[in-house]
Amino acid sequence: MRLCLDWLAEWVDLPDAAELVHQLDMCGFEDALVEQTGPDLSAFRVGCVLEREPHPDADRLSVCRVDLGAGEPVEIVCGAPNVAAGQKVVVASPGTRLPDGTKLKKSKIRGVTSLGMICSVSEMGLGDEHDGILVLDPEAPLGAPVSDVIAAGPRVLEVGITPNRGDTASLLGVAREVRAIFESPIRAPETEPPEAGAPASTAAGVSIEAQDACHHYVARIVRGVQVGPSPEWLVARLEASGIRSINNVVDVTNLVLLELGQPLHGFDLAKLAGAEIRVRRARAGEKLDTLDGETRELCSEDLVIADAERAIALAGVMGGADTEVTDATRDVLIESAHFDPKTVRLGARRAGLNSEASYRFERGVDREGIARAADRCARLLAELAGGTVAPDRIDVRGSEVAHTDHVRLDCARANSLLGLELGSDEMRALLERVGIACESPEDGVLVGAIPSHRNDLHIPEDLTEELARIHGYDRIPTTLPSAVLAPAPLPPGLVLTERVKDAFVAAGLTETVSFPFVSAAEMEALLLPEGDERRETLSLVNPIKEEEPQLRTHLLPSLLRAARLNRARQAEGVQLFEVSRVFLPQGPGELPHEPLQAVALLLEDQTARLWGNSPAPLFFQAKGIAERLLNLLGYDALLRRGTQPAYLHPGASGTFWVGEKMVGAVGELHPETCSRFEIDVPGVALELDLSALLAQPAQPPQYREVSRFPQVRRDLAVLVDREHAADDLVVAVRKGAGKDCTSVEIFDRYEGKGVPEGKVSLAFRLVFQRADRTLEDSEVTPAVDRVVRTLLHRFGAELR
Amino acid sequence: MAPEGHSVDQLLGQARTELSAASSTQELAEVRAGYLGKKGSISQLLRTLGKLDPAERKQRGQAVNDAKQAIEAHFAECRAALEGSARQRALAETQLDVTLPGAAPRRGHLHPLTHVTRDMVSFFTSMGFSVEEGPEVETDWHNFEALNIPAEHPSRDEQDTFYVSGGNLLRTQTSNVQIRAMTGRTPPFRFIAPGRVYRHDLSPKHSPMFHQIEGFLVDDRVTFGDLKGVLFAFAKHLFGEETELRFRANHFPFTEPSAEMDLTWKGEWLEWGGCGMIHPQVLERCGIDPETWRGFAFGMGIDRTALLRYGFPALRLLFEGDVRVLEQI
């Protein structure tokens, strides 16, 4: 909310702007600031006219020598009749940007060079007057920026208002807070109007049909108004608050809204059919032309102001065009009412409107301030629009507003909640600063009378907050809680997440964090078949990007997106991972499952390597990372072929199993998935279902005896059909080698020159060792022979 | 046959000369073998001793053995000298260009938010807070109603909400965890809840997804002063001992009294988070009697802390996945 600072100062004494802003901030207003409005005058300088000579070639121009406080005086051609030697004036030098946007240049005017301009009010952007230059106070310091000397516009106080404090959305409301903070009294303006003529009740009638939605309706009749433009001060105050001036009658209603926080509306009395106001629900399909030029179709929940025939305003939101106050209006009916906050909010939302009025009604207006605002408005209309205020108000009540009159405060409890030791007298004084009069029926108890404008105070804790707020949160001593020692275990999912992250980082991968929003096309790029639960996504009703309404069921699209971005930025060898929840929809209205997933994506590095051998193929790097990770976590996982997800290459992928549970997959990206994400290099994805892993028992590492006796190593290479899975051979080798064989590794794989077509050479290293004695060659050799025979027998392998 | 004509002394002198003249360890070994090997001249002399009479045998045997040891000693000396100079030559020959780049093992990078979150979690677990988690897609009840934010209340305007089809929403705050963790539990307890939250807002200063850490403690004696104490300690842990904190009155529907906290960063006050004493109605909704128990709660952005700590100029950088950014941390 924005308010003229000078206007506020008329109501209550203010400290300097910085202190005011600071204290308002500390007491609950958000982002308070004081802004100097109007054009920036800092580029204009104070000059002094030393001499004025007539222009040699132009009767109406004069040539002035002007002292600018620095350097030599300059010659300026001036057309204003009121310029004279000795005046302090406003000078714009060449290069100054004027408020209208033009940049002033050195110019020649009828043969005389002019080094600048002596400015009028309009040239400074301050008004429309063209009656000559602005003459400054003779005391204005020579050469100073004009912004130091005159105010370009009113200073405006801007404050953010929290939703519970609708009562502060007015001059009066801010003044009350200033009073509470600085303990300075409020000077509220007179409200009582002079009255004459026939009583209001003879001019119009008011009835409330929707009692639940309208608690109070007050009407004032002002006859014989002269509708016209408002005085300048009024326009300025409205504009500083962001309200456009319409005419004096409308402006006065808005002025009172700003003053007291009570929205008002003026109807042209002559246009009210039956001279009648009915507060009722709209009829379904009823139409209303609102002041913003729209025709709105209403629904039966909308609350309207109607006359005998039709709706004439959407109550608390916006007036109608039919009964608008115009230049022709003579008699005005002023509405001041208390509408139900929720009804107004829903009505405003259905209409897509957010007006100054609805803003305040939604937050609740002062239930006792309705009549006062109507009076104040009538008084100002008499003053500023020449109207005659009819005696009496038309005053009709609907259902009573739910409210709290008194709150009982246990002082000891308030102290113990805050960690303070205030006496009950101190508390009473603090509460009285915010307008809560207190009684003390017994020692240590205060009963506070809640002012009608404070609809946010209901329970002792609310008063406790008022105490803290006015006393100052910073004055509460800082202590530490004393608590019962209790174990503070971490959730298993978090522990697993962090271990997985560390393992990926140890493997050289970089963690990403991304939004869960994905497009349909991105999900489709995963090529998931019908029936895959990850095809079904939850959709946002109001996505931030229209094309990304879905919540991901898989992290891969996000990683592919990041990979594409990195490729576009010329990164090589991108290796990323993310650990996050994904969203698997359940029944309608049910919360989705949010399993934890970890996905890594490795792209091939196609730049030449500076050092060392070329790395293992990407697939095996990823597989190695997964195996290491699963092993670290204590899982004995197995890779199986033939069950891979659709976004992986069917010939270069597999799935990880712990027992009978699939816990992950690894594989080269399917070329189709790759190309849909415009990834231009081969990539490998690795995924782990952490929620599935969590459900599997992990084996913590266990000590196994280490042998004191030497190992015997034997290498053997065989030729075998390339169709055989290496793992099958390893299993066979291990079995054939017997229990003294402690390790079987494939250390070389070769196909090509020297190896027959369709065959592959595999080299195994077998290690034999016993814990109790040294093995003899005569024991190892038969074991190796057995291995060779097994390989020949089962795989047709021949020794190389 | 032993070379009769040579005295032991002569042999010794000759051996010394030859050993000293050897120019390689191999040559040296050959010279040694010529005297001390199986057919070496000293070995032959030793074999002849048996023919002598005992007195002469003893005397001559002593002399031959002395010579043998002297040759061995000289051999060892010469070998050490030769090996030493060979090593010197080898050292002189090997010149590694140590200015070539090192081959560091590939290094991975945790996300800046992970670093900061771990730091925060470790602080609070050190104070005995447990970690709780809650769903990101949440019911209106847990995200709003139970926290005193009824439907059609202006408080809802403060949190632009993403709704999912079916009526649920993406949580706008981690406070949903408060409701879930408190319901069915008997105080005293203390929890933190770090996690992702969502607001329908995309601007340079806001991100539709960001991270909050929520903390709350319920017992029968905790005060606002205690809340301040915990937050002071937390701020100093994160931002340094010299950090200052101030508390401004503010409104949160689920705390009463409520405050917003600012901290000093490079000489400026920065908004850091919100806090307050848990609203009695919130406790009551979770089945906790507010006459007996009270609690404090606080929440702040994790992303903001990461921005400050690492000097990132924009939130956007955290979520794009640009390795040039992420690999700096």
# chains A, B, ... in the order shown; residues from 1 in each chain; ligands from 1
$ closest_atom_pairs --of "chain A" --to "chain B" --cutoff "6 Å" --atoms "only C-alpha atoms" --output "tab-separated table"
residue	atom	partner	partner_atom	distance
A:Met26	CA	B:Arg248	CA	4.4
A:Cys27	CA	B:Ala249	CA	5.0
A:Gly28	CA	B:Ala249	CA	4.4
A:Pro163	CA	B:Ser155	CA	5.4
A:Leu417	CA	B:Thr223	CA	4.8
A:Leu418	CA	B:Phe224	CA	4.6
A:Gly419	CA	B:Thr223	CA	5.1
A:Glu461	CA	B:Glu256	CA	5.9
A:Glu465	CA	B:Pro257	CA	4.3
A:Arg469	CA	B:Ala249	CA	5.7
A:Tyr473	CA	B:Phe247	CA	5.8
A:Ile476	CA	B:Gly225	CA	5.9
A:Pro477	CA	B:Gly225	CA	5.6
A:Thr478	CA	B:Gly225	CA	4.7
A:Thr479	CA	B:Asp226	CA	4.7
A:Leu480	CA	B:Asp226	CA	4.5
A:Pro481	CA	B:Asp226	CA	5.0
A:Ala488	CA	B:Ser130	CA	4.4
A:Pro489	CA	B:Ser130	CA	5.9
A:Leu490	CA	B:Val131	CA	5.6
A:Val505	CA	B:Gly108	CA	4.1
A:Gly508	CA	B:Gly108	CA	3.7
A:Leu509	CA	B:Gly108	CA	4.3
A:Thr510	CA	B:His109	CA	4.5
A:Glu511	CA	B:His111	CA	5.1
A:Thr512	CA	B:Gly321	CA	5.4
A:Val513	CA	B:Phe319	CA	5.4
A:Ser514	CA	B:Phe319	CA	4.9
A:Ser539	CA	B:Val164	CA	5.6
A:Leu540	CA	B:Val164	CA	4.2
A:Val541	CA	B:Val164	CA	5.3
A:Ala562	CA	B:Gly321	CA	5.2
A:Asn566	CA	B:Asp322	CA	5.9
A:Pro588	CA	B:Gly166	CA	5.6
A:Gly589	CA	B:Gly166	CA	4.4
$ residues_around --residues "segment 270-272 of chain B" --least-positions-apart "6" --cutoff "8 Å" --atoms "only C-alpha atoms" --output "list of chain:residue names"
B:Glu260, B:Met261, B:Asp262, B:Leu263, B:Thr264, B:Met300, B:Gly301
$ write_last_selection --atoms "all heavy atoms" --output "mmCIF file, in the first residue's frame"
data_model
loop_
_atom_site.group_PDB
_atom_site.id
_atom_site.type_symbol
_atom_site.label_atom_id
_atom_site.label_comp_id
_atom_site.auth_asym_id
_atom_site.auth_seq_id
_atom_site.Cartn_x
_atom_site.Cartn_y
_atom_site.Cartn_z
ATOM 1 N N GLU B 260 10.090 -12.800 11.497
ATOM 2 C CA GLU B 260 10.942 -13.073 10.360
ATOM 3 C C GLU B 260 12.354 -12.763 10.820
ATOM 4 O O GLU B 260 12.552 -11.840 11.617
ATOM 5 C CB GLU B 260 10.540 -12.160 9.215
ATOM 6 C CG GLU B 260 11.059 -12.624 7.883
ATOM 7 C CD GLU B 260 10.162 -12.116 6.765
ATOM 8 O OE1 GLU B 260 9.991 -10.902 6.671
ATOM 9 O OE2 GLU B 260 9.652 -12.944 6.007
ATOM 10 N N MET B 261 13.337 -13.557 10.347
ATOM 11 C CA MET B 261 14.690 -13.218 10.785
ATOM 12 C C MET B 261 15.534 -12.749 9.613
ATOM 13 O O MET B 261 15.400 -13.208 8.496
ATOM 14 C CB MET B 261 15.357 -14.335 11.564
ATOM 15 C CG MET B 261 15.504 -15.634 10.871
ATOM 16 S SD MET B 261 14.181 -16.755 11.379
ATOM 17 C CE MET B 261 14.723 -18.283 10.651
ATOM 18 N N ASP B 262 16.398 -11.794 9.929
ATOM 19 C CA ASP B 262 17.369 -11.257 8.973
ATOM 20 C C ASP B 262 18.743 -11.559 9.529
ATOM 21 O O ASP B 262 18.926 -11.570 10.739
ATOM 22 C CB ASP B 262 17.250 -9.734 8.861
ATOM 23 C CG ASP B 262 15.883 -9.283 8.394
ATOM 24 O OD1 ASP B 262 15.190 -10.073 7.733
ATOM 25 O OD2 ASP B 262 15.508 -8.132 8.687
ATOM 26 N N LEU B 263 19.706 -11.746 8.633
ATOM 27 C CA LEU B 263 21.070 -11.889 9.130
ATOM 28 C C LEU B 263 21.995 -10.942 8.390
ATOM 29 O O LEU B 263 21.665 -10.451 7.314
ATOM 30 C CB LEU B 263 21.549 -13.337 9.036
ATOM 31 C CG LEU B 263 21.556 -14.073 7.704
ATOM 32 C CD1 LEU B 263 22.729 -13.680 6.837
ATOM 33 C CD2 LEU B 263 21.637 -15.569 7.992
ATOM 34 N N THR B 264 23.132 -10.685 9.015
ATOM 35 C CA THR B 264 24.079 -9.758 8.384
ATOM 36 C C THR B 264 24.945 -10.520 7.405
ATOM 37 O O THR B 264 25.447 -11.602 7.709
ATOM 38 C CB THR B 264 24.993 -9.096 9.426
ATOM 39 O OG1 THR B 264 25.511 -10.116 10.294
ATOM 40 C CG2 THR B 264 24.234 -8.083 10.252
ATOM 41 N N MET B 300 13.714 -21.939 6.596
ATOM 42 C CA MET B 300 14.469 -21.011 5.747
ATOM 43 C C MET B 300 14.864 -21.703 4.455
ATOM 44 O O MET B 300 14.829 -22.920 4.348
ATOM 45 C CB MET B 300 15.707 -20.452 6.462
ATOM 46 C CG MET B 300 16.749 -21.449 6.857
ATOM 47 S SD MET B 300 16.434 -22.218 8.444
ATOM 48 C CE MET B 300 16.518 -20.858 9.562
ATOM 49 N N GLY B 301 15.242 -20.891 3.481
ATOM 50 C CA GLY B 301 15.633 -21.424 2.182
ATOM 51 C C GLY B 301 17.048 -21.986 2.245
ATOM 52 O O GLY B 301 17.935 -21.392 2.862
#
$ residues_around --residues "Ala86 of chain B" --least-positions-apart "5" --cutoff "10 Å" --atoms "only C-alpha atoms" --output "list in words"
Ser24, Thr25, Ala80, Ala81, Leu91 and Ala92 of chain B
$ atom_distance --atom1 "atom CA of Leu14 of chain A" --atom2 "atom CA of Ser230 of chain A"
27.7 Å
$ atom_distance --atom1 "atom CA of Gln212 of chain B" --atom2 "atom CA of Arg304 of chain B"
9.4 Å
$ atom_distance --atom1 "atom CA of Ala196 of chain A" --atom2 "atom CA of Val279 of chain A"
27.3 Å
$ closest_residue --among "A:Ser355, A:Thr643, A:Ser207, A:Thr37" --to "Glu239 of chain A" --atoms "only C-alpha atoms"
A:Thr37
